[in-house]
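Trainee: This is the content of query_14.pdb (PDB, C-alpha atoms and all ligand atoms):
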```pdb
ATOM      1  CA  MET A 317       6.618   1.665 -23.049
ATOM      2  CA  ASN A 318       8.806   4.341 -21.598
ATOM      3  CA  ILE A 319      10.677   2.588 -18.806
ATOM      4  CA  ARG A 320      14.155   3.660 -17.903
ATOM      5  CA  LYS A 321      16.448   1.827 -15.592
ATOM      6  CA  PRO A 322      17.068   4.330 -12.795
ATOM      7  CA  LYS A 323      20.592   5.605 -12.231
ATOM      8  CA  PRO A 324      22.150   4.144  -9.074
ATOM      9  CA  GLY A 325      21.456   7.292  -7.047
ATOM     10  CA  GLN A 326      17.823   7.205  -8.104
ATOM     11  CA  LEU A 327      17.079   3.557  -7.583
ATOM     12  CA  PRO A 328      14.674   4.016  -4.707
ATOM     13  CA  GLU A 329      11.611   6.166  -4.823
ATOM     14  CA  ARG A 330      12.320   9.647  -6.047
ATOM     15  CA  GLU A 331      11.969  12.838  -4.143
ATOM     16  CA  VAL A 332       8.621  14.335  -4.831
ATOM     17  CA  SER A 333       8.358  17.583  -6.691
ATOM     18  CA  SER A 334       5.049  19.363  -6.615
ATOM     19  CA  GLU A 335       4.812  19.741 -10.392
ATOM     20  CA  PRO A 336       4.031  16.111 -11.265
ATOM     21  CA  ILE A 337       1.487  15.932  -8.491
ATOM     22  CA  TYR A 338      -0.215  19.071  -9.716
ATOM     23  CA  HIS A 339      -0.258  17.611 -13.178
ATOM     24  CA  ALA A 340      -1.631  14.299 -11.931
ATOM     25  CA  ARG A 341      -4.352  16.030 -10.016
ATOM     26  CA  ARG A 342      -5.552  17.982 -13.008
ATOM     27  CA  ARG A 343      -5.495  14.892 -15.137
ATOM     28  CA  PHE A 344      -7.455  12.734 -12.734
ATOM     29  CA  LEU A 345     -10.007  15.318 -11.794
ATOM     30  CA  GLN A 346     -10.503  15.636 -15.500
ATOM     31  CA  ALA A 347     -10.766  11.871 -15.902
ATOM     32  CA  ALA A 348     -13.275  11.693 -13.069
ATOM     33  CA  GLY A 349     -15.427  14.499 -14.364
ATOM     34  CA  LEU A 350     -15.218  14.164 -18.092
ATOM     35  CA  GLY A 351     -14.595  10.513 -18.698
ATOM     36  CA  VAL A 352     -11.361   9.138 -20.020
ATOM     37  CA  SER A 353     -11.421  10.053 -23.672
ATOM     38  CA  GLY A 354      -8.218  12.093 -23.486
ATOM     39  CA  LEU A 355      -6.273   9.383 -21.749
ATOM     40  CA  ALA A 356      -7.800   6.663 -23.870
ATOM     41  CA  SER A 357      -6.824   8.260 -27.130
ATOM     42  CA  ARG A 358      -3.287   8.899 -25.972
ATOM     43  CA  LEU A 359      -2.817   5.389 -24.661
ATOM     44  CA  GLY A 360      -4.640   3.539 -27.367
ATOM     45  CA  ALA A 361      -5.619  -0.019 -26.575
ATOM     46  CA  VAL A 362      -4.298  -0.039 -23.018
ATOM     47  CA  PHE A 363      -7.107   2.045 -21.591
ATOM     48  CA  THR A 364     -10.348   1.421 -23.371
ATOM     49  CA  ALA A 365     -13.737   2.365 -21.978
ATOM     50  CA  GLY A 366     -14.525  -1.241 -21.064
ATOM     51  CA  THR A 367     -11.624  -1.557 -18.668
ATOM     52  CA  THR A 368     -11.823   1.881 -17.106
ATOM     53  CA  PRO A 369     -11.162   1.428 -13.365
ATOM     54  CA  ARG A 370     -14.353   3.210 -12.383
ATOM     55  CA  SER A 371     -15.314   2.751  -8.760
ATOM     56  CA  ALA A 372     -18.993   2.488  -9.748
ATOM     57  CA  GLU A 373     -18.214  -0.858 -11.351
ATOM     58  CA  LEU A 374     -16.685  -2.345  -8.195
ATOM     59  CA  ARG A 375     -18.690  -4.593  -5.882
ATOM     60  CA  SER A 376     -19.982  -2.507  -2.984
ATOM     61  CA  LEU A 377     -19.063  -3.244   0.606
ATOM     62  CA  THR A 378     -20.882  -1.921   3.624
ATOM     63  CA  ALA A 379     -18.988  -1.237   6.801
ATOM     64  CA  GLN A 380     -19.527   1.048   9.768
ATOM     65  CA  ARG A 381     -16.912   3.714  10.293
ATOM     66  CA  ASN A 382     -14.873   3.099  13.450
ATOM     67  CA  PRO A 383     -14.925   6.515  15.160
ATOM     68  CA  LYS A 384     -11.693   5.770  16.991
ATOM     69  CA  PHE A 385      -9.751   6.238  13.781
ATOM     70  CA  LYS A 386     -10.370   9.591  12.190
ATOM     71  CA  VAL A 387      -8.031  12.224  10.895
ATOM     72  CA  GLU A 388      -8.528  15.604  12.534
ATOM     73  CA  GLY A 389      -8.102  18.739  10.461
ATOM     74  CA  ARG A 390      -7.810  17.038   7.091
ATOM     75  CA  GLU A 391     -10.370  16.062   4.494
ATOM     76  CA  ILE A 392     -10.606  12.563   3.064
ATOM     77  CA  SER A 393      -8.742  12.645  -0.240
ATOM     78  CA  PRO A 394     -11.071  12.310  -3.255
ATOM     79  CA  GLU A 395     -11.021   8.876  -4.831
ATOM     80  CA  ALA A 396      -9.930  10.480  -8.089
ATOM     81  CA  ILE A 397      -6.614  11.056  -6.263
ATOM     82  CA  THR A 398      -6.293   7.905  -4.142
ATOM     83  CA  ALA A 399      -7.140   5.709  -7.136
ATOM     84  CA  GLY A 400      -5.317   7.827  -9.677
ATOM     85  CA  PHE A 401      -1.943   8.491  -8.096
ATOM     86  CA  ASN A 402      -0.397   5.206  -6.985
ATOM     87  CA  ASN A 403       2.846   3.540  -6.133
ATOM     88  CA  TYR A 404       2.643  -0.014  -7.462
ATOM     89  CA  TYR A 405       5.913  -0.856  -9.149
ATOM     90  CA  GLU A 406       4.584  -4.198 -10.402
ATOM     91  CA  PHE A 407       2.734  -2.093 -12.972
ATOM     92  CA  LEU A 408       4.845   1.013 -13.499
ATOM     93  CA  THR A 409       6.821   3.568 -11.526
ATOM     94  CA  ASP A 410       4.759   6.396 -13.057
ATOM     95  CA  LYS A 411       2.065   6.948 -10.439
ATOM     96  CA  ARG A 412      -0.336   8.501 -12.919
ATOM     97  CA  ARG A 413      -0.406   5.448 -15.153
ATOM     98  CA  VAL A 414      -0.728   2.653 -12.596
ATOM     99  CA  ALA A 415      -4.546   2.747 -12.649
ATOM    100  CA  GLU A 416      -4.856   2.183 -16.360
ATOM    101  CA  LEU A 417      -2.153  -0.496 -16.431
ATOM    102  CA  ALA A 418      -3.773  -2.339 -13.508
ATOM    103  CA  ALA A 419      -7.290  -2.139 -14.963
ATOM    104  CA  GLY A 420      -7.189  -5.610 -16.525
ATOM    105  CA  PHE A 421      -5.423  -7.324 -13.626
ATOM    106  CA  HIS A 422      -7.320 -10.390 -12.362
ATOM    107  CA  SER A 423      -7.707  -9.780  -8.651
ATOM    108  CA  ARG A 424     -10.479 -12.370  -8.218
ATOM    109  CA  PRO A 425     -10.612 -15.284  -7.575
ATOM    110  CA  TRP A 426      -7.516 -14.955  -5.348
ATOM    111  CA  GLN A 427      -5.833 -17.643  -3.295
ATOM    112  CA  ILE A 428      -4.025 -16.798  -0.068
ATOM    113  CA  GLU A 429      -1.713 -19.008   1.930
ATOM    114  CA  VAL A 430      -0.753 -19.023   5.611
ATOM    115  CA  ARG A 431       2.281 -21.075   6.534
ATOM    116  CA  GLY A 432       5.441 -21.259   8.640
ATOM    117  CA  LEU A 433       5.225 -21.326  12.432
ATOM    118  CA  VAL A 434       1.484 -21.955  12.669
ATOM    119  CA  GLU A 435      -0.549 -24.773  14.151
ATOM    120  CA  LYS A 436      -1.845 -25.689  10.700
ATOM    121  CA  PRO A 437      -1.005 -24.216   7.272
ATOM    122  CA  LEU A 438      -4.041 -22.736   5.525
ATOM    123  CA  LYS A 439      -5.117 -22.039   1.957
ATOM    124  CA  PHE A 440      -8.248 -20.088   1.224
ATOM    125  CA  ASP A 441      -9.860 -17.602  -1.131
ATOM    126  CA  VAL A 442      -9.818 -13.911  -0.245
ATOM    127  CA  ASP A 443     -13.617 -13.815  -0.186
ATOM    128  CA  ASP A 444     -13.551 -16.276   2.731
ATOM    129  CA  LEU A 445     -11.886 -13.487   4.729
ATOM    130  CA  LEU A 446     -14.635 -11.036   3.807
ATOM    131  CA  LYS A 447     -17.166 -13.501   5.200
ATOM    132  CA  ARG A 448     -15.131 -14.494   8.252
ATOM    133  CA  PHE A 449     -14.226 -11.101   9.679
ATOM    134  CA  PRO A 450     -16.666  -8.265  10.373
ATOM    135  CA  LEU A 451     -15.669  -5.308   8.214
ATOM    136  CA  GLU A 452     -15.192  -1.793   9.500
ATOM    137  CA  GLU A 453     -14.162   1.481   7.915
ATOM    138  CA  ARG A 454     -11.174   3.425   9.219
ATOM    139  CA  VAL A 455     -10.030   6.780   7.906
ATOM    140  CA  TYR A 456      -6.233   6.570   7.850
ATOM    141  CA  ARG A 457      -3.406   8.786   6.745
ATOM    142  CA  LEU A 458      -1.009   7.303   4.218
ATOM    143  CA  ARG A 459       2.427   8.936   4.311
ATOM    144  CA  CYS A 460       4.767   7.919   1.505
ATOM    145  CA  VAL A 461       8.514   8.083   2.124
ATOM    146  CA  GLU A 462       8.637  10.432  -0.889
ATOM    147  CA  ALA A 463       7.048  13.117   1.340
ATOM    148  CA  TRP A 464       3.491  13.178   0.010
ATOM    149  CA  SER A 465       0.377  11.953   1.753
ATOM    150  CA  ILE A 466      -3.312  11.198   1.324
ATOM    151  CA  VAL A 467      -6.221  10.386   3.674
ATOM    152  CA  VAL A 468      -8.177   7.238   2.790
ATOM    153  CA  PRO A 469     -11.364   5.557   4.118
ATOM    154  CA  TRP A 470     -10.159   1.953   4.095
ATOM    155  CA  ILE A 471     -12.525  -0.976   4.697
ATOM    156  CA  GLY A 472     -11.104  -4.078   6.308
ATOM    157  CA  PHE A 473     -10.503  -5.863   9.582
ATOM    158  CA  PRO A 474      -7.841  -5.689  12.295
ATOM    159  CA  MET A 475      -4.754  -7.724  11.476
ATOM    160  CA  ALA A 476      -4.795  -8.875  15.116
ATOM    161  CA  LYS A 477      -8.018 -10.816  14.392
ATOM    162  CA  PHE A 478      -6.407 -12.444  11.385
ATOM    163  CA  VAL A 479      -3.280 -13.413  13.370
ATOM    164  CA  GLU A 480      -5.452 -14.869  16.107
ATOM    165  CA  TRP A 481      -7.276 -16.985  13.525
ATOM    166  CA  ALA A 482      -3.992 -18.062  11.837
ATOM    167  CA  LYS A 483      -2.762 -19.468  15.179
ATOM    168  CA  PRO A 484       0.991 -18.816  15.124
ATOM    169  CA  THR A 485       2.966 -20.997  17.516
ATOM    170  CA  ALA A 486       4.833 -19.601  20.520
ATOM    171  CA  LYS A 487       8.047 -19.529  18.469
ATOM    172  CA  ALA A 488       6.637 -17.091  15.906
ATOM    173  CA  LYS A 489       8.032 -13.570  16.305
ATOM    174  CA  HIS A 490       7.490 -12.046  12.854
ATOM    175  CA  VAL A 491       5.167 -12.278   9.906
ATOM    176  CA  ARG A 492       6.478 -12.167   6.352
ATOM    177  CA  MET A 493       4.086 -11.115   3.595
ATOM    178  CA  VAL A 494       4.552 -11.670  -0.127
ATOM    179  CA  SER A 495       2.695 -10.233  -3.142
ATOM    180  CA  PHE A 496       1.860 -11.985  -6.397
ATOM    181  CA  LEU A 497       4.201 -12.820  -9.265
ATOM    182  CA  ARG A 498       2.295 -12.367 -12.536
ATOM    183  CA  PRO A 499       4.598 -10.921 -15.162
ATOM    184  CA  ALA A 500       2.063 -11.638 -17.915
ATOM    185  CA  GLU A 501      -0.322  -9.127 -16.308
ATOM    186  CA  CYS A 502       2.249  -6.693 -14.933
ATOM    187  CA  PRO A 503       4.465  -4.632 -17.205
ATOM    188  CA  GLY A 504       6.640  -3.617 -14.244
ATOM    189  CA  GLN A 505       7.412  -7.233 -13.373
ATOM    190  CA  ARG A 506       8.201  -7.995 -17.019
ATOM    191  CA  GLU A 507      10.306  -4.978 -17.786
ATOM    192  CA  GLN A 508      11.743  -3.694 -14.509
ATOM    193  CA  THR A 509      13.675  -6.884 -13.973
ATOM    194  CA  TRP A 510      16.191  -5.296 -11.584
ATOM    195  CA  TYR A 511      13.554  -5.409  -8.833
ATOM    196  CA  PRO A 512      13.471  -8.650  -6.794
ATOM    197  CA  TRP A 513       9.857  -9.650  -7.586
ATOM    198  CA  PRO A 514       7.529 -10.563  -5.997
ATOM    199  CA  TYR A 515       7.285  -7.637  -3.529
ATOM    200  CA  PHE A 516       7.822  -8.730   0.069
ATOM    201  CA  GLU A 517       7.402  -7.088   3.456
ATOM    202  CA  GLY A 518       7.356  -7.985   7.115
ATOM    203  CA  LEU A 519       6.280  -6.937  10.583
ATOM    204  CA  ARG A 520       7.155  -7.951  14.103
ATOM    205  CA  LEU A 521       4.301  -9.895  15.636
ATOM    206  CA  ASP A 522       3.697  -7.201  18.251
ATOM    207  CA  GLU A 523       3.319  -4.709  15.385
ATOM    208  CA  ALA A 524       1.019  -6.993  13.404
ATOM    209  CA  THR A 525      -1.233  -7.405  16.442
ATOM    210  CA  ASN A 526      -1.263  -3.721  17.379
ATOM    211  CA  GLU A 527      -4.778  -2.410  16.957
ATOM    212  CA  VAL A 528      -3.769   0.031  14.206
ATOM    213  CA  ALA A 529      -2.486  -2.700  11.843
ATOM    214  CA  PHE A 530      -5.354  -3.196   9.411
ATOM    215  CA  LEU A 531      -5.927  -5.652   6.566
ATOM    216  CA  VAL A 532      -7.721  -3.806   3.809
ATOM    217  CA  VAL A 533     -10.195  -5.236   1.306
ATOM    218  CA  GLY A 534     -12.035  -2.081   0.269
ATOM    219  CA  SER A 535     -12.181   1.693   0.110
ATOM    220  CA  PHE A 536     -14.875   4.286  -0.525
ATOM    221  CA  GLY A 537     -17.663   1.764   0.034
ATOM    222  CA  HIS A 538     -16.559  -0.862  -2.484
ATOM    223  CA  VAL A 539     -13.909  -3.540  -2.959
ATOM    224  CA  LEU A 540     -10.450  -2.134  -3.595
ATOM    225  CA  PRO A 541      -9.623  -0.953  -7.078
ATOM    226  CA  ASN A 542      -6.718  -2.958  -8.493
ATOM    227  CA  GLN A 543      -4.347   0.001  -8.271
ATOM    228  CA  ASN A 544      -4.864   0.239  -4.488
ATOM    229  CA  GLY A 545      -3.838  -3.388  -3.950
ATOM    230  CA  SER A 546      -6.921  -5.472  -4.631
ATOM    231  CA  PRO A 547      -8.018  -7.846  -3.304
ATOM    232  CA  LEU A 548      -5.994  -7.569  -0.067
ATOM    233  CA  ARG A 549      -3.429  -5.086   1.208
ATOM    234  CA  LEU A 550      -1.998  -3.977   4.489
ATOM    235  CA  ALA A 551      -2.396  -0.555   6.139
ATOM    236  CA  VAL A 552       0.238   0.207   8.782
ATOM    237  CA  PRO A 553      -0.101   3.988   8.705
ATOM    238  CA  TRP A 554       2.529   4.742  11.368
ATOM    239  CA  LYS A 555       5.121   3.444   8.896
ATOM    240  CA  TYR A 556       6.158   4.796   5.507
ATOM    241  CA  GLY A 557       3.796   3.725   2.722
ATOM    242  CA  TYR A 558       6.036   1.010   1.279
ATOM    243  CA  LYS A 559       5.487  -1.140   4.393
ATOM    244  CA  SER A 560       1.777  -1.343   3.460
ATOM    245  CA  ILE A 561       2.169  -4.186   0.980
ATOM    246  CA  LYS A 562      -0.487  -4.576  -1.713
ATOM    247  CA  GLY A 563      -1.755  -7.674  -3.514
ATOM    248  CA  ILE A 564      -0.903 -10.073  -0.685
ATOM    249  CA  THR A 565      -0.825 -13.814  -1.454
ATOM    250  CA  LEU A 566       1.168 -15.223   1.467
ATOM    251  CA  PHE A 567       1.564 -14.758   5.217
ATOM    252  CA  GLU A 568       4.458 -16.700   6.684
ATOM    253  CA  PHE A 569       5.075 -16.717  10.424
ATOM    254  CA  THR A 570       8.786 -16.864  11.279
ATOM    255  CA  ASP A 571      11.173 -16.688  14.222
ATOM    256  CA  LYS A 572      13.572 -14.403  12.322
ATOM    257  CA  GLN A 573      13.157 -10.891  11.011
ATOM    258  CA  PRO A 574      12.125 -11.326   7.372
ATOM    259  CA  PRO A 575      13.848  -9.468   4.530
ATOM    260  CA  THR A 576      11.916  -6.580   2.992
ATOM    261  CA  PHE A 577      11.858  -5.316  -0.590
ATOM    262  CA  TRP A 578      13.160  -1.762  -0.165
ATOM    263  CA  ASN A 579      15.625  -2.714   2.548
ATOM    264  CA  LYS A 580      17.092  -5.347   0.270
ATOM    265  CA  LEU A 581      17.397  -2.847  -2.586
ATOM    266  CA  VAL A 582      18.804   0.107  -0.641
ATOM    267  CA  PRO A 583      19.638  -0.889   2.941
ATOM    268  CA  ALA A 584      21.214   2.473   3.771
ATOM    269  CA  GLU A 585      17.941   4.292   3.048
ATOM    270  CA  TYR A 586      15.145   1.910   4.093
ATOM    271  CA  ASP A 587      15.260  -0.014   7.347
ATOM    272  CA  PHE A 588      13.021  -2.808   8.568
ATOM    273  CA  LEU A 589      10.949  -0.708  10.968
ATOM    274  CA  SER A 590      10.542   2.361   8.730
ATOM    275  CA  ASN A 591       8.426   4.232  11.258
ATOM    276  CA  VAL A 592       7.439   7.725  10.147
ATOM    277  CA  ASN A 593       9.828  10.099  11.888
ATOM    278  CA  PRO A 594       9.968  13.785  10.943
ATOM    279  CA  ALA A 595      13.198  14.219  12.943
ATOM    280  CA  LYS A 596      15.112  11.671  10.890
ATOM    281  CA  PRO A 597      15.750  12.847   7.332
ATOM    282  CA  HIS A 598      15.971  10.439   4.459
ATOM    283  CA  PRO A 599      19.620  10.515   3.277
ATOM    284  CA  ARG A 600      18.476  12.541   0.251
ATOM    285  CA  TRP A 601      15.641  14.717   1.578
ATOM    286  CA  SER A 602      13.942  16.012   4.699
ATOM    287  CA  GLN A 603      11.081  14.094   6.280
ATOM    288  CA  ALA A 604       9.955  17.071   8.400
ATOM    289  CA  SER A 605       6.970  17.878   6.183
ATOM    290  CA  GLU A 606       4.882  16.417   3.391
ATOM    291  CA  ILE A 607       2.581  17.514   0.563
ATOM    292  CA  ASP A 608      -1.114  16.728   1.044
ATOM    293  CA  VAL A 609      -1.783  15.597  -2.509
ATOM    294  CA  PRO A 610      -5.331  16.922  -3.057
ATOM    295  CA  SER A 611      -4.727  20.402  -1.640
ATOM    296  CA  GLN A 612      -1.061  20.619  -2.687
ATOM    297  CA  LYS A 613      -0.399  22.143   0.746
ATOM    298  CA  ARG A 614       2.788  21.393   2.625
ATOM    299  CA  ILE A 615       1.959  20.209   6.131
ATOM    300  CA  PRO A 616       4.153  19.092   9.015
ATOM    301  CA  THR A 617       4.857  15.377   9.301
ATOM    302  CA  LEU A 618       3.813  13.913  12.651
ATOM    303  CA  PRO A 619       5.856  11.409  14.678
ATOM    304  CA  TYR A 620       4.521   7.945  13.847
ATOM    305  CA  ASN A 621       2.361   9.783  11.298
ATOM    306  CA  GLY A 622       0.000  10.741  14.125
ATOM    307  CA  TYR A 623      -0.415   7.219  15.565
ATOM    308  CA  GLY A 624       2.027   7.564  18.482
ATOM    309  CA  GLU A 625      -0.691   7.140  21.106
ATOM    310  CA  PHE A 626      -1.265   3.622  19.765
ATOM    311  CA  VAL A 627       2.200   2.482  18.740
ATOM    312  CA  ALA A 628       4.942   4.475  20.500
ATOM    313  CA  GLN A 629       5.081   1.946  23.360
ATOM    314  CA  LEU A 630       6.177  -0.733  20.879
ATOM    315  CA  TYR A 631       9.494   1.034  20.457
ATOM    316  CA  ARG A 632      10.541   1.963  23.988
TER
HETATM  317  N1  LIG B   1       3.046  -4.897  -3.853
HETATM  318  C1  LIG B   1       3.318  -3.604  -3.678
HETATM  319  N2  LIG B   1       2.860  -2.965  -2.588
HETATM  320  C2  LIG B   1       3.129  -1.657  -2.398
HETATM  321  C3  LIG B   1       3.916  -0.926  -3.332
HETATM  322  C4  LIG B   1       4.380  -1.608  -4.487
HETATM  323  O1  LIG B   1       5.067  -1.043  -5.369
HETATM  324  N3  LIG B   1       4.056  -2.931  -4.629
HETATM  325  N4  LIG B   1       4.181   0.420  -3.114
HETATM  326  C5  LIG B   1       4.096   0.881  -1.726
HETATM  327  C6  LIG B   1       4.188   2.323  -1.588
HETATM  328  S1  LIG B   1       5.736   3.011  -1.829
HETATM  329  C7  LIG B   1       3.132   3.105  -1.221
HETATM  330  S2  LIG B   1       3.311   4.760  -0.913
HETATM  331  C8  LIG B   1       1.782   2.521  -1.110
HETATM  332  C9  LIG B   1       0.829   3.284  -2.029
HETATM  333  O2  LIG B   1      -0.486   2.797  -1.901
HETATM  334  P1  LIG B   1      -1.667   3.436  -2.769
HETATM  335  O3  LIG B   1      -1.186   3.487  -4.206
HETATM  336  O4  LIG B   1      -2.831   2.528  -2.591
HETATM  337  O5  LIG B   1      -1.915   4.815  -2.251
HETATM  338  O6  LIG B   1       1.738   1.139  -1.474
HETATM  339  C10 LIG B   1       2.831   0.378  -1.018
HETATM  340  N5  LIG B   1       2.611  -1.020  -1.302
HETATM  341 MO    MO B   2       5.680   5.100  -0.920
END
```
Produce structure tokens that represent the structure in this file.
Mentor:
Amino acid sequence: MNIRKPKPGQLPEREVSSEPIYHARRRFLQAAGLGVSGLASRLGAVFTAGTTPRSAELRSLTAQRNPKFKVEGREISPEAITAGFNNYYEFLTDKRRVAELAAGFHSRPWQIEVRGLVEKPLKFDVDDLLKRFPLEERVYRLRCVEAWSIVVPWIGFPMAKFVEWAKPTAKAKHVRMVSFLRPAECPGQREQTWYPWPYFEGLRLDEATNEVAFLVVGSFGHVLPNQNGSPLRLAVPWKYGYKSIKGITLFEFTDKQPPTFWNKLVPAEYDFLSNVNPAKPHPRWSQASEIDVPSQKRIPTLPYNGYGEFVAQLYR
């Protein structure tokens, strides 16, 4: 496997160049239209026909679209892109290869834990959540800190409903979220040992209960493909993509601001809030605009990624 330890200056996510995206797009449109023979032969045993992450093989989920959350002036990104161009460092840093490396990951059954400052700690299976909370579809932007973006029809339920059910005590001010640790199934966790696995993130409680914060269990009418964070991920689209933690196994309610993965790695570049802000450049590149991955067009980045009407009051 071709994994290099990044040089110190490159440790965090790299600046996007349009060439690899263009390449990825061609490759995945090809994979979607013509099957995966090209990829399969190049990658040998890793990506055989039986484990192809085809959305048709995923359990379908029905959910009404919530008309309050739509993205004006942009098309929904094709699933060949959203499920074929992924940041999921547990598998690999090469976005084009995450799907095939995640194809055999066991994302069901899946235990989730709630603990910390709650009335009663809880342990349950992810499918209990799918039964407990009515599902809705929301079309959300996803803006990566690397200055590319996609538009995705997520299926899930408001995080506020989940927090209400989890019953945090009055002392709780934050929620810490942690992903899985499964090096046997994840080449990135085995080989990229300089990352502090498992991935961890956090929100203030007023952020977690804002109506935009969404817990995601599906996309495009079916359960999430592994590469998009199956079986449970967060969508906080007013923040850079890395805040939207995938593969969640634990919610811990705390009275202190929890540490976060990218902040711990590179504190000068990634802060706790990480709200999308076109006026504040990343130390190594501008955040004023972004590449819409499917069209390859450069578009302006919006304050709070377009969700200011819902979230700006949290930060006054
Ligand atoms: N557990 C985990 N969650 C993660 C990441 C990751 O590497 N591991 N990458 C983040 C980043 S940088 C982005 S941009 C989004 C990408 O989500 P997508 O691949 O479903 O589009 O997931 C976020 N959540
Ligand atoms: Mo990202």
Trainee: Here's the selection I'm unsure about, the PyMOL selection byres (((not hetatm)) within 8 of (chain B and resi 1)); applied to the file above, which residues does it give, as a PyMOL selection string?
Mentor: chain A and resi 329+398-399+401-406+409+411+458-462+466+494-496+514-516+543-545+549-550+556-564
Trainee: Would you kindly translate the PyMOL selection byres (((chain A and resi 531) around 12) and not hetatm) into the concrete residues it picks from this file, as a compact mmCIF listing (two decimals) with C-alpha atoms, in the frame of the given file?
Mentor:
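Saved as expr20.txt:
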```txt
# COMPACT_ATOMS: atom_id res chain seq x y z
CA VAL A 442 -9.82 -13.91 -0.24
CA LEU A 445 -11.89 -13.49 4.73
CA LEU A 446 -14.64 -11.04 3.81
CA PHE A 449 -14.23 -11.10 9.68
CA PRO A 450 -16.67 -8.26 10.37
CA LEU A 451 -15.67 -5.31 8.21
CA GLU A 452 -15.19 -1.79 9.50
CA GLU A 453 -14.16 1.48 7.92
CA ARG A 454 -11.17 3.42 9.22
CA TRP A 470 -10.16 1.95 4.10
CA ILE A 471 -12.52 -0.98 4.70
CA GLY A 472 -11.10 -4.08 6.31
CA PHE A 473 -10.50 -5.86 9.58
CA PRO A 474 -7.84 -5.69 12.30
CA MET A 475 -4.75 -7.72 11.48
CA ALA A 476 -4.80 -8.88 15.12
CA LYS A 477 -8.02 -10.82 14.39
CA PHE A 478 -6.41 -12.44 11.38
CA VAL A 479 -3.28 -13.41 13.37
CA MET A 493 4.09 -11.12 3.60
CA ALA A 524 1.02 -6.99 13.40
CA THR A 525 -1.23 -7.40 16.44
CA ASN A 526 -1.26 -3.72 17.38
CA GLU A 527 -4.78 -2.41 16.96
CA VAL A 528 -3.77 0.03 14.21
CA ALA A 529 -2.49 -2.70 11.84
CA PHE A 530 -5.35 -3.20 9.41
CA VAL A 532 -7.72 -3.81 3.81
CA VAL A 533 -10.20 -5.24 1.31
CA GLY A 534 -12.04 -2.08 0.27
CA SER A 535 -12.18 1.69 0.11
CA LEU A 540 -10.45 -2.13 -3.60
CA GLY A 545 -3.84 -3.39 -3.95
CA SER A 546 -6.92 -5.47 -4.63
CA PRO A 547 -8.02 -7.85 -3.30
CA LEU A 548 -5.99 -7.57 -0.07
CA ARG A 549 -3.43 -5.09 1.21
CA LEU A 550 -2.00 -3.98 4.49
CA ALA A 551 -2.40 -0.56 6.14
CA VAL A 552 0.24 0.21 8.78
CA PRO A 553 -0.10 3.99 8.70
CA SER A 560 1.78 -1.34 3.46
CA ILE A 561 2.17 -4.19 0.98
CA LYS A 562 -0.49 -4.58 -1.71
CA GLY A 563 -1.76 -7.67 -3.51
CA ILE A 564 -0.90 -10.07 -0.68
CA PHE A 567 1.56 -14.76 5.22
```
Trainee: Report, in Å to a single decimal, how far apart CA of Pro574 (chain A) and CA of Gly624 (chain A) are.
Mentor: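 Straight-line distance from CA of Gly624 (chain A) to CA of Pro574 (chain A) works out to 24.1 Å.
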Trainee: What is the CA of Gln612 (chain A) to CA of Val582 (chain A) distance in Å?
Mentor: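 Straight-line distance from CA of Gln612 (chain A) to CA of Val582 (chain A) works out to 28.6 Å.
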Trainee: Find the distance between CA of Gln505 (chain A) and CA of Ile428 (chain A) and write it in Å to one decimal.
Mentor: 20.0 Å
Trainee: Using the chain letters and numbering of this document, enumerate as a VMD selection string the residues selected by the PyMOL selection byres (((chain A and resi 571) around 7) and not hetatm).
Mentor: chain A and resid 487 to 490 570 572 to 573
Trainee: Kindly save the residues from that selection, with C-alpha atoms included, as a PDB file, keeping the file's coordinate frame.
Mentor:
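And here's selection.pdb as it stands now:
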```pdb
ATOM      1  CA  LYS A 487       8.047 -19.529  18.469  1.00  0.00           C
ATOM      2  CA  ALA A 488       6.637 -17.091  15.906  1.00  0.00           C
ATOM      3  CA  LYS A 489       8.032 -13.570  16.305  1.00  0.00           C
ATOM      4  CA  HIS A 490       7.490 -12.046  12.854  1.00  0.00           C
ATOM      5  CA  THR A 570       8.786 -16.864  11.279  1.00  0.00           C
ATOM      6  CA  LYS A 572      13.572 -14.403  12.322  1.00  0.00           C
ATOM      7  CA  GLN A 573      13.157 -10.891  11.011  1.00  0.00           C
TER       8      GLN A 573
END
```
Trainee: Could you check the closest approach to ligand MO 2 (chain B) for each of A:Asn542, A:Ser423, A:Ser376, A:Ser590 and tell me which residue wins, using all atoms listed in the file?
Mentor: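 Closest to ligand MO 2 (chain B), using all atoms listed in the file: A:Ser590.
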Trainee: List the spatial neighbours of Ala418 (chain A) as a list in words - criterion: any atom at most 9 Å away, only C-alpha atoms, same-chain residues fewer than 3 positions off excluded.
Mentor: Pro369, Phe407, Arg413, Val414, Ala415, Phe421, His422, Glu501, Cys502, Pro541, Asn542 and Gln543 of chain A
Trainee: Output as JSON the centre and edge lengths (Å, one decimal) of the box along x, y and z of the file that holds every listed atom of region 501-518 of chain A after adding 5 Å on each side.
Mentor:
```
{"center_x": 7.9, "center_y": -7.1, "center_z": -5.3, "size_x": 26.5, "size_y": 16.9, "size_z": 34.9}
```
